[in-house]
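Enquirer: Structure file input-v8.csv, CSV, C-alpha atoms, is pasted below:
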chain,number,residue,atom,x,y,z
A,10,MET,CA,31.9,-30.2,50.8
A,11,SER,CA,30.8,-26.7,49.9
A,12,VAL,CA,28.3,-24.2,51.2
A,13,HIS,CA,27.1,-21.4,49.0
A,14,VAL,CA,25.8,-18.1,50.3
A,15,GLY,CA,22.8,-16.8,48.3
A,16,ASP,CA,19.4,-17.5,46.8
A,17,CYS,CA,18.7,-21.2,46.6
A,18,LEU,CA,16.9,-21.1,43.3
A,19,GLU,CA,19.8,-19.3,41.6
A,20,TRP,CA,22.2,-21.8,43.2
A,21,LEU,CA,20.1,-24.8,42.1
A,22,SER,CA,19.9,-23.5,38.5
A,23,GLY,CA,23.7,-23.6,38.3
A,24,LEU,CA,24.0,-27.3,39.3
A,25,GLU,CA,24.6,-29.9,36.6
A,26,THR,CA,21.6,-32.0,35.4
A,27,GLY,CA,21.4,-35.6,36.7
A,28,THR,CA,24.3,-35.4,39.2
A,29,VAL,CA,22.5,-35.4,42.6
A,30,HIS,CA,21.4,-38.5,44.4
A,31,ALA,CA,19.4,-36.9,47.2
A,32,VAL,CA,17.9,-33.6,48.1
A,33,ILE,CA,17.4,-33.5,51.9
A,34,THR,CA,16.1,-30.2,53.2
A,35,ASP,CA,14.4,-28.5,56.1
A,36,PRO,CA,12.8,-25.3,54.7
A,37,PRO,CA,11.5,-22.7,57.1
A,38,TYR,CA,8.2,-24.0,58.4
A,39,CYS,CA,6.7,-20.8,59.6
A,40,SER,CA,6.2,-19.3,56.1
A,41,GLY,CA,2.6,-20.1,55.1
A,42,GLY,CA,2.0,-21.9,58.4
A,43,PHE,CA,-0.5,-19.4,59.7
A,44,GLN,CA,-3.4,-17.4,58.6
A,45,GLU,CA,-2.1,-14.3,56.8
A,46,SER,CA,-3.7,-12.0,59.5
A,47,LYS,CA,-1.4,-13.6,62.1
A,48,GLN,CA,1.8,-13.9,60.1
A,49,MET,CA,3.4,-10.6,61.0
A,50,GLY,CA,3.5,-11.5,64.6
A,51,ALA,CA,4.9,-15.0,64.2
A,52,THR,CA,8.5,-15.5,65.3
A,53,SER,CA,8.7,-18.9,66.9
A,54,GLN,CA,7.4,-21.6,64.6
A,55,GLY,CA,10.4,-22.1,62.3
A,56,VAL,CA,13.0,-19.4,62.1
A,57,LYS,CA,13.7,-16.1,63.8
A,58,ASN,CA,13.3,-12.9,61.8
A,59,THR,CA,15.6,-12.8,58.8
A,60,ALA,CA,15.8,-10.9,55.6
A,61,TRP,CA,14.4,-13.8,53.7
A,62,PHE,CA,11.4,-14.8,55.9
A,63,ALA,CA,11.1,-11.6,58.0
A,64,SER,CA,8.3,-12.0,60.6
A,65,ASP,CA,6.8,-14.9,58.6
A,66,ASN,CA,5.6,-12.5,56.0
A,67,MET,CA,5.5,-15.0,53.1
A,68,SER,CA,2.0,-16.1,52.3
A,69,THR,CA,0.9,-19.7,51.9
A,70,ALA,CA,0.8,-19.2,48.1
A,71,GLY,CA,4.3,-17.8,48.1
A,72,TYR,CA,5.6,-20.6,50.2
A,73,LEU,CA,4.1,-23.2,47.9
A,74,TRP,CA,5.5,-21.4,44.9
A,75,LEU,CA,9.0,-21.4,46.4
A,76,LEU,CA,9.0,-25.0,47.3
A,77,ARG,CA,7.5,-26.1,44.0
A,78,SER,CA,10.2,-24.1,42.2
A,79,VAL,CA,12.9,-25.8,44.3
A,80,ALA,CA,11.3,-29.2,43.4
A,81,VAL,CA,11.4,-28.4,39.7
A,82,GLN,CA,15.1,-27.8,40.0
A,83,ALA,CA,15.4,-30.9,42.2
A,84,HIS,CA,13.8,-33.0,39.5
A,85,ARG,CA,16.3,-31.7,37.0
A,86,VAL,CA,19.4,-32.3,39.0
A,87,LEU,CA,18.5,-35.6,40.5
A,88,VAL,CA,19.7,-38.9,39.0
A,89,SER,CA,17.0,-41.4,37.9
A,90,GLY,CA,15.8,-43.0,41.1
A,91,GLY,CA,17.0,-40.2,43.3
A,92,HIS,CA,15.1,-38.7,46.2
A,93,MET,CA,13.8,-35.5,47.6
A,94,LEU,CA,13.1,-35.5,51.3
A,95,CYS,CA,11.4,-32.4,52.7
A,96,PHE,CA,10.7,-31.6,56.4
A,97,CYS,CA,7.2,-30.2,56.7
A,98,ASP,CA,4.9,-28.8,59.4
A,99,TRP,CA,1.6,-30.6,59.7
A,100,ARG,CA,-0.3,-27.4,58.7
A,101,GLN,CA,1.3,-27.5,55.3
A,102,SER,CA,1.6,-31.2,54.4
A,103,ILE,CA,-1.7,-31.3,52.7
A,104,ASN,CA,-0.8,-28.4,50.5
A,105,LEU,CA,2.9,-29.0,50.0
A,106,ALA,CA,2.8,-32.7,48.8
A,107,PRO,CA,0.7,-32.0,45.7
A,108,ALA,CA,2.7,-28.8,45.0
A,109,ILE,CA,6.0,-30.7,45.0
A,110,GLU,CA,4.5,-33.7,43.1
A,111,SER,CA,3.4,-31.3,40.3
A,112,SER,CA,7.1,-30.8,39.5
A,113,GLY,CA,7.3,-34.4,38.2
A,114,LEU,CA,8.6,-36.0,41.3
A,115,ARG,CA,6.5,-39.0,42.7
A,116,PHE,CA,5.1,-38.7,46.2
A,117,ARG,CA,6.2,-42.0,47.9
A,118,GLN,CA,5.7,-41.7,51.7
A,119,GLU,CA,5.1,-39.6,54.7
A,120,VAL,CA,7.9,-40.2,57.3
A,121,ILE,CA,7.1,-39.2,60.9
A,122,TRP,CA,9.8,-37.8,63.2
A,123,ASP,CA,8.7,-38.7,66.8
A,124,LYS,CA,10.5,-36.3,69.1
A,125,LYS,CA,9.7,-38.6,72.1
A,126,SER,CA,8.3,-35.6,74.1
A,127,ALA,CA,5.5,-33.1,73.6
A,128,GLY,CA,6.2,-29.5,72.8
A,129,LEU,CA,4.7,-26.4,74.5
A,130,GLY,CA,1.1,-25.5,74.3
A,131,MET,CA,-2.3,-26.9,75.4
A,132,GLY,CA,-4.5,-29.8,74.4
A,133,PHE,CA,-2.8,-32.1,71.8
A,134,ARG,CA,0.7,-30.7,72.1
A,135,ALA,CA,2.9,-31.3,69.1
A,136,GLN,CA,5.3,-34.3,69.4
A,137,HIS,CA,6.1,-35.0,65.8
A,138,GLU,CA,7.0,-33.5,62.5
A,139,LYS,CA,6.6,-34.9,59.0
A,140,ILE,CA,9.2,-35.6,56.3
A,141,LEU,CA,7.6,-35.8,52.8
A,142,ALA,CA,9.5,-38.3,50.6
A,143,PHE,CA,9.5,-38.0,46.8
A,144,CYS,CA,11.5,-39.8,44.1
A,145,LYS,CA,12.4,-39.2,40.4
A,146,GLY,CA,11.1,-42.1,38.4
A,147,THR,CA,11.4,-45.5,39.9
A,148,ALA,CA,12.9,-45.1,43.4
A,149,ARG,CA,16.1,-46.8,44.4
A,150,TYR,CA,16.5,-47.5,48.1
A,151,PRO,CA,20.0,-48.6,49.2
A,152,GLY,CA,18.7,-48.9,52.8
A,153,ASN,CA,15.4,-49.3,54.6
A,154,THR,CA,13.8,-48.3,57.9
A,155,GLY,CA,10.4,-47.9,59.5
A,156,SER,CA,8.3,-44.8,58.6
A,157,VAL,CA,8.3,-43.6,62.2
A,158,LEU,CA,11.8,-42.4,63.4
A,159,SER,CA,12.0,-41.8,67.1
A,160,THR,CA,14.8,-39.6,68.4
A,161,PRO,CA,14.9,-36.6,70.9
A,162,ARG,CA,15.2,-33.0,69.8
A,163,VAL,CA,18.6,-31.3,69.9
A,164,PRO,CA,18.8,-29.6,73.3
A,165,ARG,CA,18.8,-25.8,73.0
A,166,SER,CA,22.1,-25.7,74.9
A,167,ARG,CA,23.8,-27.7,72.1
A,168,SER,CA,21.9,-26.5,69.0
A,169,THR,CA,23.5,-24.2,66.4
A,170,HIS,CA,20.2,-23.3,64.8
A,171,PRO,CA,16.7,-22.6,66.1
A,172,THR,CA,15.3,-25.6,64.3
A,173,GLU,CA,18.3,-27.9,64.1
A,174,LYS,CA,17.5,-31.6,63.5
A,175,PRO,CA,19.2,-34.4,65.4
A,176,GLN,CA,22.1,-36.3,63.7
A,177,PRO,CA,20.6,-39.8,64.3
A,178,LEU,CA,17.4,-38.7,62.5
A,179,LEU,CA,19.3,-37.2,59.5
A,180,GLN,CA,21.7,-40.1,59.3
A,181,ALA,CA,18.8,-42.5,59.2
A,182,LEU,CA,17.4,-40.6,56.2
A,183,VAL,CA,20.7,-40.5,54.4
A,184,ARG,CA,21.3,-44.2,54.8
A,185,VAL,CA,17.9,-45.1,53.3
A,186,VAL,CA,18.3,-43.0,50.1
A,187,THR,CA,22.0,-42.9,49.4
A,188,THR,CA,25.2,-45.0,49.3
A,189,GLU,CA,28.8,-44.1,50.1
A,190,GLY,CA,30.1,-41.5,47.6
A,191,ASP,CA,26.7,-40.3,46.6
A,192,LEU,CA,26.0,-36.5,46.4
A,193,VAL,CA,23.5,-35.0,48.9
A,194,ILE,CA,22.4,-31.4,48.6
A,195,ASP,CA,20.4,-29.1,50.8
A,196,PRO,CA,19.1,-25.8,49.4
A,197,PHE,CA,18.1,-24.5,52.9
A,198,CYS,CA,21.2,-25.8,54.8
A,199,GLY,CA,21.1,-23.6,57.8
A,200,THR,CA,24.1,-24.5,60.0
A,201,GLY,CA,24.8,-27.6,58.0
A,202,SER,CA,23.2,-30.4,60.0
A,203,THR,CA,22.3,-32.4,56.8
A,204,GLY,CA,25.8,-31.9,55.5
A,205,VAL,CA,27.3,-33.1,58.8
A,206,ALA,CA,25.2,-36.2,58.7
A,207,ALA,CA,25.9,-36.9,55.0
A,208,THR,CA,29.7,-36.3,55.3
A,209,SER,CA,30.0,-38.4,58.4
A,210,LEU,CA,28.6,-41.3,56.5
A,211,GLY,CA,31.0,-40.9,53.5
A,212,ARG,CA,28.6,-39.0,51.2
A,213,ARG,CA,29.5,-35.9,49.3
A,214,PHE,CA,27.6,-32.7,50.2
A,215,MET,CA,26.8,-29.3,48.7
A,216,GLY,CA,24.5,-26.8,50.4
A,217,CYS,CA,23.1,-23.3,50.0
A,218,GLU,CA,22.2,-20.8,52.8
A,219,ARG,CA,21.0,-17.3,52.5
A,220,GLU,CA,22.2,-16.1,56.0
A,221,PRO,CA,26.0,-15.6,56.0
A,222,ALA,CA,26.3,-16.2,59.7
A,223,TYR,CA,24.6,-19.6,59.4
A,224,ALA,CA,26.7,-20.4,56.3
A,225,ARG,CA,29.9,-19.7,58.2
A,226,GLU,CA,28.8,-22.0,61.0
A,227,ALA,CA,27.9,-24.7,58.5
A,228,ARG,CA,31.4,-24.5,56.9
A,229,ALA,CA,33.0,-24.7,60.3
A,230,ARG,CA,31.0,-27.8,61.3
A,231,LEU,CA,31.7,-29.5,57.9
A,232,GLY,CA,35.4,-28.7,58.2
A,233,ALA,CA,35.5,-30.3,61.7
A,234,VAL,CA,33.9,-33.5,60.3
A,235,GLY,CA,36.4,-33.6,57.5
A,236,THR,CA,39.3,-33.1,59.9
A,237,LEU,CA,38.0,-35.9,62.1
A,238,GLN,CA,37.6,-38.3,59.2
A,239,GLU,CA,41.1,-37.6,58.0
A,240,GLY,CA,42.4,-38.2,61.5
A,241,GLN,CA,40.6,-41.5,61.7
A,242,ALA,CA,41.9,-42.6,58.3
A,243,GLY,CA,45.4,-41.9,59.4
A,244,LEU,CA,44.9,-43.7,62.7
A,245,PHE,CA,43.7,-46.9,61.0
A,246,GLY,CA,46.2,-46.8,58.1
A,247,GLY,CA,44.1,-44.9,55.5
A,248,ALA,CA,45.6,-42.9,52.7
A,249,ALA,CA,47.3,-39.7,53.8
Show this structure as structure tokens.

Expert:
Amino acid sequence: MSVHVGDCLEWLSGLETGTVHAVITDPPYCSGGFQESKQMGATSQGVKNTAWFASDNMSTAGYLWLLRSVAVQAHRVLVSGGHMLCFCDWRQSINLAPAIESSGLRFRQEVIWDKKSAGLGMGFRAQHEKILAFCKGTARYPGNTGSVLSTPRVPRSRSTHPTEKPQPLLQALVRVVTTEGDLVIDPFCGTGSTGVAATSLGRRFMGCEREPAYAREARARLGAVGTLQEGQAGLFGGAA
């Protein structure tokens, strides 16, 4: 388990080719999610103001360039048959899917996260998010599930990040595309939710996060999972 603090593209470029089994990531949605004239006022669609995505000031073109660049590196580091799963706002799915596929990854499926309750707003209030699923070459699927995953949001009172994804959802994704001992990475790891899900299921994890405070929280959460697993191994006679 490790969480690097810094730029995700620099971090990815340093990973060894053909060693990763799955890239599961939740990039900031707000970037590119609005008309450019409205971006400077947007603060609530994905992340709060940060040095990286301050006030949602990355254009749609910039957002797509960033995610395609991440996908190019993902294609390099993935094993044959490995997967990239990318959370995506509905506004950007029609743009993001071909941008990522142009890296050489194959677009396999749109997975829907049904949050089981509608969000704020009027009219057709958002109740779902998308997860775009890609693979390198011929996909290998150690597990399977339906393409609609229903699980409630993480309550704000228990969340460690503004857009934290629930563990049952992330664990379902991990089970479908990896087996025990596989390496999962997340270049936008936030407070480490993907890492917690992967580690709790016996996968190895590496992540990158630009915000030091989030990275510290991710390390603490991953450390707690590791400690719990060690305790359980001792309780049931595992190796010391």

Enquirer: Write out as a PyMOL selection string each polymer residue whose atoms come within 8 Å of stretch 107-109 of chain A, counting all atoms listed in the file; drop sequence neighbours fewer than 3 positions from it.

Expert: chain A and resi 73-74+76-77+80-81+103-104+112-114

Enquirer: Can you tell me, as an MDAnalysis selection string, what residues are no more than 8 Å from stretch 177-193 of chain A when counting only C-alpha atoms, ignoring any on the same chain fewer than 3 positions away?

Expert: chainID A and resid 28:33 91:92 122 149:154 158:160 174 202:204 206:207 210:215

Enquirer: Would you mind telling me which residue in A:Ala106, A:Ile121, A:Leu94, A:Ala224 lies nearest to A:Thr169 when using only C-alpha atoms?

Expert: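 The shortest atom-to-atom distance to A:Thr169 comes from A:Ala224.
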
Enquirer: Using Å and a single decimal, report how far atom CA of A:Gly216 sits from atom CA of A:Cys17.

Expert: 8.9 Å

Enquirer: So how many Å separate atom CA of A:Leu18 and atom CA of A:Ser168, to one decimal?

Expert: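 Atom CA of A:Ser168 lies 26.7 Å from atom CA of A:Leu18.
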
Enquirer: Which value, in Å to one decimal, gives the distance between atom CA of A:Arg162 and atom CA of A:Lys125?

Expert: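 Separating atom CA of A:Arg162 from atom CA of A:Lys125 is a distance of 8.2 Å.
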
Enquirer: Which residue, A:Gly146, A:Gly71, A:Gly130, A:Pro161, has the smallest gap to A:His84 when you use all atoms listed in the file?

Expert: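 Among the listed residues, the smallest separation from A:His84 belongs to A:Gly146.
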
Enquirer: At a cut-off of 9 Å, using all atoms listed in the file, what residues contact A:Thr34? Leave out same-chain residues fewer than 5 positions from it and give the result as a compact mmCIF listing (two decimals) with C-alpha atoms, keeping the file's coordinate frame.

Expert:
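Final file, around-v1.txt:
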# COMPACT_ATOMS: atom_id res chain seq x y z
CA MET A 93 13.80 -35.50 47.60
CA LEU A 94 13.10 -35.50 51.30
CA CYS A 95 11.40 -32.40 52.70
CA PHE A 96 10.70 -31.60 56.40
CA ILE A 194 22.40 -31.40 48.60
CA ASP A 195 20.40 -29.10 50.80
CA PRO A 196 19.10 -25.80 49.40
CA PHE A 197 18.10 -24.50 52.90
CA CYS A 198 21.20 -25.80 54.80
CA THR A 203 22.30 -32.40 56.80

Enquirer: Which of these residues is nearest to A:Leu141, using all atoms listed in the file: A:Arg167, A:Gly155, A:Val88, A:Asp35?

Expert: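 Nearest to A:Leu141: A:Asp35.
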
Enquirer: Counting only C-alpha atoms, which residue out of A:Arg230, A:His13, A:Arg100, A:Arg85 sits closest to A:Tyr38?

Expert: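 Answer, going by the shortest atom-to-atom distance: A:Arg100.
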